[in-house]
Amino acid sequence: MLEIPGPGFASVLGGWRQAPGPLVNALALAIRYAVIDGRIPVGTRLPSERSLAAALQVSRGTVVTALATLRDTGWLRTRHGSGSTIQLPPEVTDRTAPWSVDHGDGLDLTRAVPAAPHVAYLEASRRAVQRSATLLVDAAEPDAGLPQLRELLADRYTREGLPTRSDQILITAGARAALTLLVDHLHDRTRPYLVESPTYHGALGILRRRRARLAAVPVTSDGWDAARLSRMVEAARPALAYLTPDFHNPTGALMPPGLRTRVADLAARHNMTVIADETLRDLDLRVPAEPIAHLAGPGIIAIGSTSKLVWGGLRVGWLRADASRIRELRLNPLQARLSPPPLEQLIACELLSDPRDLLRDRRDRLRAQRDHLAALLDGAGDWSFTLPPGGLCLWLRLHDIDATALATRAAGRGVKLSAGPAFSADRTLTHYLRIPFTGTPETLTRAVDALA
């Protein structure tokens with residue numbers, strides 16, 4: 001067990017005395033933030049109260065009271081004869097949004113990202129480390145991915161109605177890495193790329209870096225206009241289409257089966273490669289969740305990742321394509337740079353081998369928070385929205401209010417929001433806001449109060 005001596009503990013806390021308010025509160029808060037920042041590792045045993053008081057140059061009573069506060073709020077565990085040990089309380093570990101969303105400078109609702117399932121992730125990490133001995137006997141050079149992870153994902157696609165072999169799977173360092181590799185490999189300067197409007201702003205950034213010409217087809221919270229999409233493909237003849245058919249980011253729309261069939265037919269007839277982003281596929285908030293057919297066909301490449309089901313810090317993604325396409329991509333020099341470390345792949349194996357409990361917990365929490373946010377927003381005359389069947393956010397349409405101006409005003413009240421133009425290929429959508437419902441009910445209430 002790690003133990004920090006009294007003088008070392010004082011240096012770790014830095015200038016905690018400068019914080020306003022009583023010394024007791026400042027000391028307790030400084031220890032909390034030192035734990036969150038990683039300056040005091042979880043599991044650290046604290047020095048004795050007398051030693052701490054001497055090192056911090058405060059009375060022993062101040063130390064006793066500060067430690068009691070930490071103990072009462074779950075940051076400290078004390079056992080008779082063993083001293084006090086730092087731990088993380090449920091308010092940190094039992095969250096659906098990262099700690100920094102509502103414990104930094106105001107509320108940051110620009111990121112629609114979930115927090116890690118703390119206990120499940122740590123247990124998976126321990127099991128992965130125990131299994132990692134065999135990895136060390138090989139060079140572990142970047143490759144298509146660990147065979148066991150590729151097989152696990154292939155089996156998952158097959159169970160969901162899309163027969164897949166492991167040689168049709170390529171493991172990448174996240175879905176953005178998969179998209180980056182595909183855009184690099186398939187780039188065609190002579191033809192435009194089809195994107196939805198709105199769409200994921202990270203994808204727009206990747207495409208713009210390639211100076212791609214973008215043709216945008218609108219998507220609303222009610223879905224896609226099939227006839228308009230067909231006309232766009234026939235008129236623009238795009239080489240590549242980037243689509244999010246499963247709980248579209250940011251509208252939350254779910255592409256119906258008939259349109260999936262039409263998209264696959266358009267891809268085949270017009271020599272168009274479709275990248276189907278399935279990152280949000282697992283976040284089905286319908287009751288009960290229903291099977292979803294994959295967007296599939298000869299010209300369809302699916303990409304996915306663990307970022308939304310598990311955690312963005314687990315940089316493991318994948319793409320599913322024809323085996324011949326996978327062989328081509330493995331020869332791309334960029335592929336090695338976009339491959340995740342073997343240990344992270346082992347952790348992904350542990351978490352994805354039986355994700356039922358993880359799925360159930362994440363869906364239940366997100367559904368409750370979505371409904372809480374919708375209830376807060378419902379009935380106001382300044383905006384409207386459609387309740388999304390899945391995903392991580394509401395797509396809010398503002399009535400007679402500029403979204404960028406409103407986001408600027410909200411930032412002045414300590415709430416950071418993403419305005420519609422960030423999700424638009426042509427910087428339009430000026431009357432829309434994306435509001436994630438990953439935050440706690442208290443966080444969402446504070447955000448809506450600031451908006452109102």
# chains A, B, ... in the order shown; residues from 1 in each chain; ligands from 1
call {"tool": "select_by_dssp", "arguments": {"residues": "segment 39-145 of chain A", "states": "helix (DSSP H, G or I)", "output": "PyMOL selection string"}}
result
chain A and resi 49-56+60-72+90-93+100-103+118-137
call {"tool": "write_last_selection", "arguments": {"atoms": "N, CA and C atoms", "output": "CSV table (one decimal), in the first residue's frame"}}
result
chain,number,residue,atom,x,y,z
A,49,GLU,N,-2.6,11.6,12.1
A,49,GLU,CA,-3.2,13.0,12.2
A,49,GLU,C,-2.2,13.9,12.8
A,50,ARG,N,-1.4,13.5,13.8
A,50,ARG,CA,-0.4,14.3,14.4
A,50,ARG,C,0.7,14.7,13.4
A,51,SER,N,1.1,13.7,12.6
A,51,SER,CA,2.1,14.0,11.5
A,51,SER,C,1.6,15.0,10.5
A,52,LEU,N,0.4,14.8,10.1
A,52,LEU,CA,-0.2,15.7,9.1
A,52,LEU,C,-0.3,17.1,9.7
A,53,ALA,N,-0.8,17.2,10.9
A,53,ALA,CA,-0.9,18.6,11.5
A,53,ALA,C,0.4,19.3,11.5
A,54,ALA,N,1.5,18.6,11.9
A,54,ALA,CA,2.8,19.2,11.9
A,54,ALA,C,3.3,19.6,10.5
A,55,ALA,N,3.1,18.7,9.6
A,55,ALA,CA,3.5,19.0,8.2
A,55,ALA,C,2.7,20.2,7.6
A,56,LEU,N,1.4,20.3,7.9
A,56,LEU,CA,0.6,21.3,7.3
A,56,LEU,C,0.6,22.6,8.1
A,60,ARG,N,-4.2,20.0,15.3
A,60,ARG,CA,-4.6,18.6,15.0
A,60,ARG,C,-6.2,18.6,14.9
A,61,GLY,N,-6.8,19.5,15.6
A,61,GLY,CA,-8.3,19.5,15.5
A,61,GLY,C,-8.7,19.8,14.0
A,62,THR,N,-8.0,20.7,13.4
A,62,THR,CA,-8.3,21.0,12.0
A,62,THR,C,-8.2,19.8,11.1
A,63,VAL,N,-7.1,19.0,11.3
A,63,VAL,CA,-6.9,17.8,10.5
A,63,VAL,C,-8.0,16.8,10.8
A,64,VAL,N,-8.3,16.6,12.1
A,64,VAL,CA,-9.3,15.6,12.5
A,64,VAL,C,-10.7,16.0,11.9
A,65,THR,N,-11.1,17.2,11.9
A,65,THR,CA,-12.4,17.6,11.3
A,65,THR,C,-12.4,17.5,9.8
A,66,ALA,N,-11.3,17.9,9.1
A,66,ALA,CA,-11.2,17.7,7.7
A,66,ALA,C,-11.3,16.3,7.3
A,67,LEU,N,-10.6,15.4,8.0
A,67,LEU,CA,-10.6,14.0,7.6
A,67,LEU,C,-12.0,13.4,7.9
A,68,ALA,N,-12.6,13.8,9.0
A,68,ALA,CA,-14.0,13.4,9.3
A,68,ALA,C,-14.9,13.7,8.1
A,69,THR,N,-14.8,14.9,7.6
A,69,THR,CA,-15.6,15.4,6.5
A,69,THR,C,-15.4,14.5,5.3
A,70,LEU,N,-14.1,14.1,5.0
A,70,LEU,CA,-13.8,13.2,3.8
A,70,LEU,C,-14.4,11.8,4.1
A,71,ARG,N,-14.3,11.4,5.3
A,71,ARG,CA,-14.8,10.1,5.7
A,71,ARG,C,-16.3,10.0,5.5
A,72,ASP,N,-17.0,11.1,6.0
A,72,ASP,CA,-18.5,11.1,5.9
A,72,ASP,C,-18.9,11.1,4.4
A,90,PRO,N,-19.0,7.0,-4.2
A,90,PRO,CA,-20.0,6.8,-5.3
A,90,PRO,C,-20.3,8.0,-6.1
A,91,GLU,N,-20.2,9.2,-5.6
A,91,GLU,CA,-20.6,10.4,-6.4
A,91,GLU,C,-19.6,10.5,-7.5
A,92,VAL,N,-18.4,9.9,-7.4
A,92,VAL,CA,-17.4,10.0,-8.5
A,92,VAL,C,-17.5,8.7,-9.4
A,93,THR,N,-17.6,7.5,-8.8
A,93,THR,CA,-17.6,6.3,-9.5
A,93,THR,C,-18.9,5.9,-10.1
A,100,SER,N,-15.5,16.0,-14.8
A,100,SER,CA,-15.1,17.4,-15.2
A,100,SER,C,-16.3,18.2,-15.8
A,101,VAL,N,-17.3,17.5,-16.2
A,101,VAL,CA,-18.5,18.1,-16.8
A,101,VAL,C,-19.1,19.2,-15.8
A,102,ASP,N,-19.2,18.8,-14.6
A,102,ASP,CA,-19.9,19.7,-13.6
A,102,ASP,C,-19.0,20.0,-12.4
A,103,HIS,N,-17.7,19.7,-12.5
A,103,HIS,CA,-16.8,20.1,-11.4
A,103,HIS,C,-15.6,20.9,-11.9
A,118,HIS,N,-17.2,2.4,-13.6
A,118,HIS,CA,-16.0,2.3,-12.8
A,118,HIS,C,-15.6,0.9,-12.3
A,119,VAL,N,-16.5,0.2,-11.6
A,119,VAL,CA,-16.2,-1.1,-11.1
A,119,VAL,C,-16.0,-2.1,-12.2
A,120,ALA,N,-16.9,-2.1,-13.2
A,120,ALA,CA,-16.7,-3.1,-14.3
A,120,ALA,C,-15.4,-2.9,-15.0
A,121,TYR,N,-15.0,-1.6,-15.2
A,121,TYR,CA,-13.8,-1.4,-16.0
A,121,TYR,C,-12.6,-1.8,-15.2
A,122,LEU,N,-12.5,-1.5,-13.9
A,122,LEU,CA,-11.4,-2.0,-13.1
A,122,LEU,C,-11.3,-3.5,-13.0
A,123,GLU,N,-12.4,-4.1,-12.9
A,123,GLU,CA,-12.4,-5.6,-12.9
A,123,GLU,C,-11.9,-6.2,-14.2
A,124,ALA,N,-12.4,-5.6,-15.3
A,124,ALA,CA,-12.0,-6.0,-16.6
A,124,ALA,C,-10.5,-5.8,-16.8
A,125,SER,N,-10.0,-4.7,-16.3
A,125,SER,CA,-8.5,-4.4,-16.4
A,125,SER,C,-7.7,-5.4,-15.7
A,126,ARG,N,-8.1,-5.8,-14.5
A,126,ARG,CA,-7.4,-6.8,-13.7
A,126,ARG,C,-7.4,-8.1,-14.4
A,127,ARG,N,-8.5,-8.5,-15.0
A,127,ARG,CA,-8.5,-9.8,-15.7
A,127,ARG,C,-7.7,-9.7,-16.9
A,128,ALA,N,-7.7,-8.6,-17.6
A,128,ALA,CA,-6.8,-8.4,-18.8
A,128,ALA,C,-5.4,-8.5,-18.5
A,129,VAL,N,-4.9,-7.9,-17.4
A,129,VAL,CA,-3.5,-8.0,-17.0
A,129,VAL,C,-3.1,-9.4,-16.7
A,130,GLN,N,-4.0,-10.2,-16.0
A,130,GLN,CA,-3.8,-11.6,-15.7
A,130,GLN,C,-3.6,-12.4,-17.0
A,131,ARG,N,-4.3,-12.0,-18.1
A,131,ARG,CA,-4.2,-12.7,-19.4
A,131,ARG,C,-3.1,-12.2,-20.3
A,132,SER,N,-2.4,-11.2,-19.8
A,132,SER,CA,-1.5,-10.5,-20.8
A,132,SER,C,-0.1,-11.2,-20.9
A,133,ALA,N,0.2,-12.2,-20.0
A,133,ALA,CA,1.5,-12.8,-20.0
A,133,ALA,C,1.8,-13.4,-21.4
A,134,THR,N,0.9,-13.9,-22.1
A,134,THR,CA,1.2,-14.5,-23.4
A,134,THR,C,1.5,-13.4,-24.5
A,135,LEU,N,1.0,-12.2,-24.2
A,135,LEU,CA,1.3,-11.1,-25.2
A,135,LEU,C,2.8,-10.8,-25.2
A,136,LEU,N,3.4,-11.0,-24.0
A,136,LEU,CA,4.8,-10.5,-23.8
A,136,LEU,C,5.8,-11.4,-24.5
A,137,VAL,N,5.4,-12.6,-25.0
A,137,VAL,CA,6.3,-13.5,-25.7
A,137,VAL,C,6.4,-13.2,-27.2
call {"tool": "closest_atom_pairs", "arguments": {"of": "segment 394-441 of chain A", "to": "segment 197-221 of chain A", "cutoff": "12 Å", "atoms": "only C-alpha atoms", "output": "tab-separated table"}}
result
residue	atom	partner	partner_atom	distance
A:Leu394	CA	A:Ser221	CA	9.0
A:Trp395	CA	A:Ser221	CA	7.2
A:Leu396	CA	A:Ser221	CA	9.3
A:Arg397	CA	A:Ser221	CA	9.8
A:Ser418	CA	A:His201	CA	10.2
A:Ala419	CA	A:Pro198	CA	11.0
A:Gly420	CA	A:Pro198	CA	7.6
A:Pro421	CA	A:Pro198	CA	8.3
A:Ala422	CA	A:His201	CA	6.0
A:Phe423	CA	A:Pro198	CA	4.9
A:Ser424	CA	A:Pro198	CA	4.9
A:Ala425	CA	A:Ser197	CA	6.5
A:Asp426	CA	A:Ala216	CA	8.2
A:Arg427	CA	A:Pro198	CA	9.6
A:Thr428	CA	A:Ser197	CA	8.9
A:Leu429	CA	A:Pro198	CA	7.6
A:Thr430	CA	A:Pro198	CA	11.0
A:His431	CA	A:Pro198	CA	12.0
A:Tyr432	CA	A:Pro198	CA	9.8
A:Leu433	CA	A:Pro198	CA	11.0
A:Arg434	CA	A:Pro198	CA	10.4
call {"tool": "closest_residue", "arguments": {"among": "A:Ser384, A:Gln335, A:Ser84, A:Thr96", "to": "Asp143 of chain A", "atoms": "only C-alpha atoms"}}
result
A:Gln335
call {"tool": "select_by_dssp", "arguments": {"residues": "segment 239-332 of chain A", "states": "strand (DSSP E or B)", "output": "PyMOL selection string"}}
result
chain A and resi 240-243+273-277+284+300-305+317-320
call {"tool": "atom_distance", "arguments": {"atom1": "atom CA of Thr164 of chain A", "atom2": "atom CA of Glu278 of chain A"}}
result
15.7 Å
call {"tool": "closest_residue", "arguments": {"among": "A:Ala28, A:Leu406, A:Ala302, A:Ala235", "to": "Gly74 of chain A", "atoms": "only C-alpha atoms"}}
result
A:Ala28
call {"tool": "residues_around", "arguments": {"residues": "His372 of chain A", "least_positions_apart": "4", "cutoff": "12 Å", "atoms": "only C-alpha atoms", "output": "PyMOL selection string"}}
result
chain A and resi 365-368+376-378+387+394+436-445+448
call {"tool": "closest_residue", "arguments": {"among": "A:Thr273, A:Thr85, A:Thr172, A:Thr404", "to": "Ile303 of chain A", "atoms": "only C-alpha atoms"}}
result
A:Thr172
call {"tool": "closest_residue", "arguments": {"among": "A:Pro333, A:Pro41, A:Pro192, A:Gly304", "to": "Phe9 of chain A", "atoms": "only C-alpha atoms"}}
result
A:Pro41
call {"tool": "residues_around", "arguments": {"residues": "Ala177 of chain A", "least_positions_apart": "4", "cutoff": "8 Å", "atoms": "only C-alpha atoms", "output": "count of residues only"}}
result
5
call {"tool": "residues_around", "arguments": {"residues": "Ala34 of chain A", "least_positions_apart": "4", "cutoff": "8 Å", "atoms": "only C-alpha atoms", "output": "ChimeraX atom specification"}}
result
/A:12-13,30,38-40
call {"tool": "write_last_selection", "arguments": {"atoms": "C-alpha atoms", "output": "short mmCIF file (atom, residue, chain, number, x, y, z; two decimals), in the first residue's frame"}}
result
data_model
loop_
_atom_site.label_atom_id
_atom_site.label_comp_id
_atom_site.auth_asym_id
_atom_site.auth_seq_id
_atom_site.Cartn_x
_atom_site.Cartn_y
_atom_site.Cartn_z
CA VAL A 12 1.27 17.52 -2.91
CA LEU A 13 -1.50 19.82 -1.72
CA ALA A 30 -7.66 20.31 -1.50
CA GLY A 38 -4.01 11.93 -9.54
CA ARG A 39 -1.56 13.65 -7.21
CA ILE A 40 -2.75 11.39 -4.40
#
call {"tool": "residues_around", "arguments": {"residues": "Leu319 of chain A", "least_positions_apart": "6", "cutoff": "9 Å", "atoms": "only C-alpha atoms", "output": "ChimeraX atom specification"}}
result
/A:168-172,175,178-179,301-305,326
call {"tool": "write_last_selection", "arguments": {"atoms": "C-alpha atoms", "output": "mmCIF file, in the first residue's frame"}}
result
data_model
loop_
_atom_site.group_PDB
_atom_site.id
_atom_site.type_symbol
_atom_site.label_atom_id
_atom_site.label_comp_id
_atom_site.auth_asym_id
_atom_site.auth_seq_id
_atom_site.Cartn_x
_atom_site.Cartn_y
_atom_site.Cartn_z
ATOM 1 C CA GLN A 168 -13.588 -8.948 -42.142
ATOM 2 C CA ILE A 169 -12.720 -7.048 -38.952
ATOM 3 C CA LEU A 170 -9.892 -4.527 -38.485
ATOM 4 C CA ILE A 171 -9.224 -3.127 -34.994
ATOM 5 C CA THR A 172 -8.420 0.585 -34.734
ATOM 6 C CA ALA A 175 -14.043 5.083 -34.495
ATOM 7 C CA ALA A 178 -11.229 4.037 -38.402
ATOM 8 C CA LEU A 179 -12.742 6.992 -40.280
ATOM 9 C CA ILE A 301 -18.233 -0.350 -44.367
ATOM 10 C CA ALA A 302 -19.350 -0.277 -40.735
ATOM 11 C CA ILE A 303 -17.314 1.409 -38.032
ATOM 12 C CA GLY A 304 -17.843 1.180 -34.282
ATOM 13 C CA SER A 305 -16.099 1.649 -30.965
ATOM 14 C CA ILE A 326 -9.368 -5.332 -44.918
#
call {"tool": "atom_distance", "arguments": {"atom1": "atom CA of Pro114 of chain A", "atom2": "atom CA of Arg95 of chain A"}}
result
8.3 Å
call {"tool": "closest_residue", "arguments": {"among": "A:Cys349, A:Ala239, A:Val35, A:Ala97", "to": "Arg362 of chain A", "atoms": "only C-alpha atoms"}}
result
A:Ala97
call {"tool": "atom_distance", "arguments": {"atom1": "atom CA of Leu285 of chain A", "atom2": "atom CA of Arg228 of chain A"}}
result
28.1 Å
call {"tool": "residues_around", "arguments": {"residues": "Ala336 of chain A", "least_positions_apart": "4", "cutoff": "10 Å", "atoms": "only C-alpha atoms", "output": "PyMOL selection string"}}
result
chain A and resi 141-144+172-173+330-332+340
